[in-house]
Amino acid sequence: MDHLPPQAAACAVADSFTAGPQFAAGHRWKVLGVGVAANACFSMIFAGLPSTAVAMRSDYHLSNSDLGLVLGCLGLGVALSELPWGLLTDRWGDRRVLLAGLGSLVVWLVLMLALLVPSQAYAPTVSFLAANLLVVGLLGGSVNGSSGRAIMAWFSEGERGFAMSIRQTAIPLGGGLGALLLPSLAEAFGFAAVYSLLAAAAAACTFFTWLWLHEPQSHRAVKPGIPLAKPATAPLRSVAIWRLAVAVGVLCFPQVAVLTFTTVFLHDFAGIGTLVTSAALAAVQIGAMVMRVWSGRWTDRHRNRRAYLRFCALLSGIAFAVLTLLVALAAPGSAAFAAALVATLVLAGISVSSWHGVAYAEIATLAGASRAGSALGLANTLVFVGFFLVPLSIPHLLAATSWAGIWMAAAACALIAWPILLKPEPQA
């Protein structure tokens, strides 16, 4: 520092005390790993617990309407908390918010293990079960905005779609693991095993978040992301961000229908057992994982995120329309019909679950890295409005129409989202 001007030397000395630990550029993959793990963990809860719907309905003595209310409250909790957690992330930083959210989630799951496990002598009331899952949703809402903001800051523009898509594979990854493990655990060992597994997973994620997730300002070697200067328009005042967020929310309605009521649909309508329904849900999640990674890399290369989103909405509408037709022409009891039903449902589920990473990358890019938490919080608020409304509405819609009516409504939601999505920008 002997050759530096006095002011620059003073700044360098100050930086040496405030910069914190140094990280190589490769550390950004550990940050991405934390984001994937945290989202997968919470996905095991909000996408995995619905796969235990048949066991939950039996063990907790629930009607279909009760089941819809209970599962809906999980989504309501996330919807209520996503935007506040996102705003808090932009103020406090990714690390603090994710640690606070995951740590609190561990504590609450342990309390559920102690107080909420049904037995022959004790069955918690519907309201008590719903209230506990509401709190789980409130705490889990911390995961999306905080991990997304960290990834946006650690990765450069040419990598963001790919990185965000990898992070979004955590949703089907966690949901697939939940679909494979939780129904069997619930049937064999009861919900004590279910809550124990979820608490252990959340505790492991909390540890690795503490170990690896740091603010990007605390390193020098990593490639910088987009500038942290605030964009001209705040995310909550941007028409483009609102349009994307609304379209994402509407497009999630049919996805939520697949995640929350597939087990009930296949069990009640087609008489298909737990093993096949779990495999069907796992296939949806695995297919969604593959498509999210591919679409992130592909749209990064071609700079066509908006066109891809509109294509997914249109394809999803067509897929659910085909499923509606198949259900209307039902031939229950036929093995061929059962196989066609499961295959069509899996294809429709994949088509409506393959766009998330691309959508979140586009929303966060429009907002800028310093406001990504708020923008992602807004989007996920509307997403989890669907996780509240859809499970609550399906039993009533089913009573008024049929399963064909359910899937027809899913097709309509996908087609409604298509014109709301932003049109591709003209190529320079």
# chains A, B, ... in the order shown; residues from 1 in each chain; ligands from 1

call {"tool": "residues_around", "arguments": {"residues": "Pro254 of chain A", "least_positions_apart": "4", "cutoff": "8 Å", "atoms": "only C-alpha atoms", "output": "list of chain:residue names"}}
result
A:Val258, A:Val352, A:Trp407, A:Ala409, A:Ala410, A:Ala411, A:Cys413, A:Ala414

call {"tool": "write_last_selection", "arguments": {"atoms": "N, CA and C atoms", "output": "mmCIF file, in the first residue's frame"}}
result
data_model
loop_
_atom_site.group_PDB
_atom_site.id
_atom_site.type_symbol
_atom_site.label_atom_id
_atom_site.label_comp_id
_atom_site.auth_asym_id
_atom_site.auth_seq_id
_atom_site.Cartn_x
_atom_site.Cartn_y
_atom_site.Cartn_z
ATOM 1 N N VAL A 258 -52.360 -31.340 -9.916
ATOM 2 C CA VAL A 258 -51.657 -32.609 -10.089
ATOM 3 C C VAL A 258 -50.952 -33.019 -8.804
ATOM 4 N N VAL A 352 -46.652 -28.866 -17.397
ATOM 5 C CA VAL A 352 -47.028 -27.689 -16.620
ATOM 6 C C VAL A 352 -46.034 -27.413 -15.487
ATOM 7 N N TRP A 407 -60.091 -31.445 -14.627
ATOM 8 C CA TRP A 407 -58.999 -31.321 -15.605
ATOM 9 C C TRP A 407 -59.340 -30.332 -16.713
ATOM 10 N N ALA A 409 -60.915 -27.518 -16.074
ATOM 11 C CA ALA A 409 -60.546 -26.253 -15.434
ATOM 12 C C ALA A 409 -59.036 -26.049 -15.463
ATOM 13 N N ALA A 410 -58.275 -27.134 -15.293
ATOM 14 C CA ALA A 410 -56.813 -27.041 -15.367
ATOM 15 C C ALA A 410 -56.369 -26.582 -16.745
ATOM 16 N N ALA A 411 -56.982 -27.135 -17.788
ATOM 17 C CA ALA A 411 -56.657 -26.714 -19.152
ATOM 18 C C ALA A 411 -56.986 -25.242 -19.367
ATOM 19 N N CYS A 413 -57.036 -22.823 -17.141
ATOM 20 C CA CYS A 413 -56.071 -21.962 -16.446
ATOM 21 C C CYS A 413 -54.789 -21.804 -17.262
ATOM 22 N N ALA A 414 -54.302 -22.890 -17.832
ATOM 23 C CA ALA A 414 -53.083 -22.813 -18.635
ATOM 24 C C ALA A 414 -53.279 -21.909 -19.850
#

call {"tool": "closest_residue", "arguments": {"among": "A:Trp418, A:Phe208, A:Tyr360, A:Phe23", "to": "Leu315 of chain A", "atoms": "only C-alpha atoms"}}
result
A:Trp418

call {"tool": "closest_residue", "arguments": {"among": "A:His214, A:Arg297, A:Arg91, A:Arg57", "to": "Ala186 of chain A", "atoms": "only C-alpha atoms"}}
result
A:Arg57

call {"tool": "atom_distance", "arguments": {"atom1": "atom CA of Ile241 of chain A", "atom2": "atom CA of Gly377 of chain A"}}
result
11.4 Å

call {"tool": "atom_distance", "arguments": {"atom1": "atom CA of Ala319 of chain A", "atom2": "atom CA of Ala348 of chain A"}}
result
5.0 Å

call {"tool": "closest_atom_pairs", "arguments": {"of": "segment 52-159 of chain A", "to": "segment 361-370 of chain A", "cutoff": "12 Å", "atoms": "only C-alpha atoms", "output": "CSV"}}
result
residue,atom,partner,partner_atom,distance
A:Gly86,CA,A:Ser370,CA,11.1
A:Leu87,CA,A:Ser370,CA,10.5
A:Leu88,CA,A:Ser370,CA,11.9
A:Thr89,CA,A:Ser370,CA,9.6
A:Asp90,CA,A:Ser370,CA,6.5
A:Arg91,CA,A:Ser370,CA,9.3
A:Trp92,CA,A:Ser370,CA,11.4
A:Gly93,CA,A:Ser370,CA,9.7
A:Asp94,CA,A:Ser370,CA,10.9
A:Asn144,CA,A:Ala364,CA,11.8
A:Gly145,CA,A:Ala364,CA,9.7
A:Ser146,CA,A:Ala369,CA,11.3
A:Ser147,CA,A:Ala364,CA,11.8
A:Gly148,CA,A:Ala364,CA,8.1
A:Arg149,CA,A:Ala369,CA,6.4
A:Ala150,CA,A:Ala369,CA,8.5
A:Ile151,CA,A:Ala369,CA,9.0
A:Met152,CA,A:Ala369,CA,5.8
A:Ala153,CA,A:Ala369,CA,5.7
A:Trp154,CA,A:Ala369,CA,9.5
A:Phe155,CA,A:Ala369,CA,10.1
A:Ser156,CA,A:Ala369,CA,10.5
A:Glu157,CA,A:Thr365,CA,8.3
A:Gly158,CA,A:Ala361,CA,11.0
A:Glu159,CA,A:Ala361,CA,9.9

call {"tool": "atom_distance", "arguments": {"atom1": "atom CA of Arg301 of chain A", "atom2": "atom CA of Arg371 of chain A"}}
result
24.5 Å

call {"tool": "residues_around", "arguments": {"residues": "Leu347 of chain A", "least_positions_apart": "3", "cutoff": "10 Å", "atoms": "only C-alpha atoms", "output": "list of chain:residue names"}}
result
A:Ala280, A:Ala283, A:Val284, A:Gly287, A:Ala288, A:Ser316, A:Ala319, A:Phe320, A:Leu323, A:Val342, A:Ala343, A:Thr344, A:Ile350, A:Ser351, A:Val352, A:Ser353

call {"tool": "closest_residue", "arguments": {"among": "A:Leu345, A:Val264, A:Leu83, A:Val256", "to": "Leu236 of chain A", "atoms": "only C-alpha atoms"}}
result
A:Leu83

call {"tool": "residues_around", "arguments": {"residues": "Val110 of chain A", "least_positions_apart": "4", "cutoff": "10 Å", "atoms": "only C-alpha atoms", "output": "number ranges by chain"}}
result
A: 105-106, 114-116, 192, 195-196, 198-200

call {"tool": "write_last_selection", "arguments": {"atoms": "N, CA, C and O atoms", "output": "mmCIF file, in the first residue's frame"}}
result
data_model
loop_
_atom_site.group_PDB
_atom_site.id
_atom_site.type_symbol
_atom_site.label_atom_id
_atom_site.label_comp_id
_atom_site.auth_asym_id
_atom_site.auth_seq_id
_atom_site.Cartn_x
_atom_site.Cartn_y
_atom_site.Cartn_z
ATOM 1 N N LEU A 105 -38.229 -23.558 11.083
ATOM 2 C CA LEU A 105 -38.967 -24.690 10.519
ATOM 3 C C LEU A 105 -38.596 -25.989 11.237
ATOM 4 O O LEU A 105 -39.470 -26.822 11.516
ATOM 5 N N VAL A 106 -37.322 -26.162 11.553
ATOM 6 C CA VAL A 106 -36.894 -27.347 12.302
ATOM 7 C C VAL A 106 -37.610 -27.413 13.643
ATOM 8 O O VAL A 106 -38.157 -28.459 14.035
ATOM 9 N N ALA A 114 -44.212 -33.907 18.334
ATOM 10 C CA ALA A 114 -44.636 -34.127 19.714
ATOM 11 C C ALA A 114 -46.143 -34.005 19.911
ATOM 12 O O ALA A 114 -46.720 -34.700 20.754
ATOM 13 N N LEU A 115 -46.802 -33.148 19.116
ATOM 14 C CA LEU A 115 -48.196 -32.796 19.403
ATOM 15 C C LEU A 115 -49.207 -33.200 18.336
ATOM 16 O O LEU A 115 -50.417 -33.165 18.613
ATOM 17 N N LEU A 116 -48.741 -33.565 17.154
ATOM 18 C CA LEU A 116 -49.679 -33.680 16.039
ATOM 19 C C LEU A 116 -49.758 -35.079 15.436
ATOM 20 O O LEU A 116 -50.396 -35.281 14.416
ATOM 21 N N ALA A 192 -45.497 -39.999 12.667
ATOM 22 C CA ALA A 192 -44.292 -39.707 13.456
ATOM 23 C C ALA A 192 -43.052 -39.849 12.586
ATOM 24 O O ALA A 192 -42.122 -39.026 12.649
ATOM 25 N N TYR A 195 -42.921 -36.777 10.014
ATOM 26 C CA TYR A 195 -42.450 -35.517 10.584
ATOM 27 C C TYR A 195 -40.990 -35.602 11.018
ATOM 28 O O TYR A 195 -40.249 -34.613 10.933
ATOM 29 N N SER A 196 -40.549 -36.786 11.465
ATOM 30 C CA SER A 196 -39.140 -36.957 11.853
ATOM 31 C C SER A 196 -38.218 -36.784 10.652
ATOM 32 O O SER A 196 -37.184 -36.108 10.731
ATOM 33 N N LEU A 198 -38.822 -35.133 7.859
ATOM 34 C CA LEU A 198 -38.844 -33.743 7.398
ATOM 35 C C LEU A 198 -38.025 -32.842 8.318
ATOM 36 O O LEU A 198 -37.308 -31.947 7.859
ATOM 37 N N ALA A 199 -38.102 -33.079 9.628
ATOM 38 C CA ALA A 199 -37.319 -32.270 10.572
ATOM 39 C C ALA A 199 -35.823 -32.516 10.390
ATOM 40 O O ALA A 199 -35.013 -31.575 10.437
ATOM 41 N N ALA A 200 -35.433 -33.765 10.166
ATOM 42 C CA ALA A 200 -34.017 -34.077 9.963
ATOM 43 C C ALA A 200 -33.490 -33.431 8.686
ATOM 44 O O ALA A 200 -32.366 -32.897 8.665
#

call {"tool": "closest_residue", "arguments": {"among": "A:Val246, A:Val34, A:Met112, A:Val126", "to": "Phe384 of chain A", "atoms": "only C-alpha atoms"}}
result
A:Val246

call {"tool": "residues_around", "arguments": {"residues": "Met408 of chain A", "least_positions_apart": "4", "cutoff": "9 Å", "atoms": "only C-alpha atoms", "output": "compact mmCIF listing (two decimals) with C-alpha atoms, in the first residue's frame"}}
result
# COMPACT_ATOMS: atom_id res chain seq x y z
CA GLY A 317 -53.50 -26.37 -22.00
CA PHE A 320 -54.90 -31.17 -19.88
CA ALA A 321 -57.57 -31.01 -22.59
CA LEU A 323 -56.62 -35.71 -20.15
CA THR A 324 -60.15 -34.29 -19.85
CA LEU A 325 -61.23 -36.17 -22.96
CA TRP A 403 -63.01 -35.38 -12.51
CA ALA A 404 -63.39 -34.37 -16.14
CA ALA A 412 -58.53 -23.41 -18.99
CA CYS A 413 -56.07 -21.96 -16.45

call {"tool": "residues_around", "arguments": {"residues": "His396 of chain A", "least_positions_apart": "4", "cutoff": "10 Å", "atoms": "only C-alpha atoms", "output": "JSON, numbers by chain"}}
result
{"A": [64, 65, 68, 391, 392, 400, 401, 402]}

call {"tool": "write_last_selection", "arguments": {"atoms": "C-alpha atoms", "output": "JSON list (two decimals), in the first residue's frame"}}
result
[["chain", "number", "residue", "atom", "x", "y", "z"],
["A", 64, "ASN", "CA", -62.40, -34.64, 1.19],
["A", 65, "SER", "CA", -63.35, -31.07, 2.11],
["A", 68, "GLY", "CA", -58.59, -29.77, 0.92],
["A", 391, "PRO", "CA", -56.91, -27.89, -2.82],
["A", 392, "LEU", "CA", -59.74, -25.95, -1.20],
["A", 400, "ALA", "CA", -70.53, -30.05, -8.64],
["A", 401, "THR", "CA", -69.08, -31.65, -11.79],
["A", 402, "SER", "CA", -66.70, -34.60, -12.10]]

call {"tool": "closest_residue", "arguments": {"among": "A:Leu49, A:Leu341, A:Phe207, A:Ala359", "to": "Ile272 of chain A", "atoms": "only C-alpha atoms"}}
result
A:Leu341

call {"tool": "residues_around", "arguments": {"residues": "Ser43 of chain A", "least_positions_apart": "3", "cutoff": "6 Å", "atoms": "only C-alpha atoms", "output": "list of chain:residue names"}}
result
A:Asn39, A:Ala40, A:Phe46, A:Ala47, A:Ile171, A:Gly174, A:Gly175
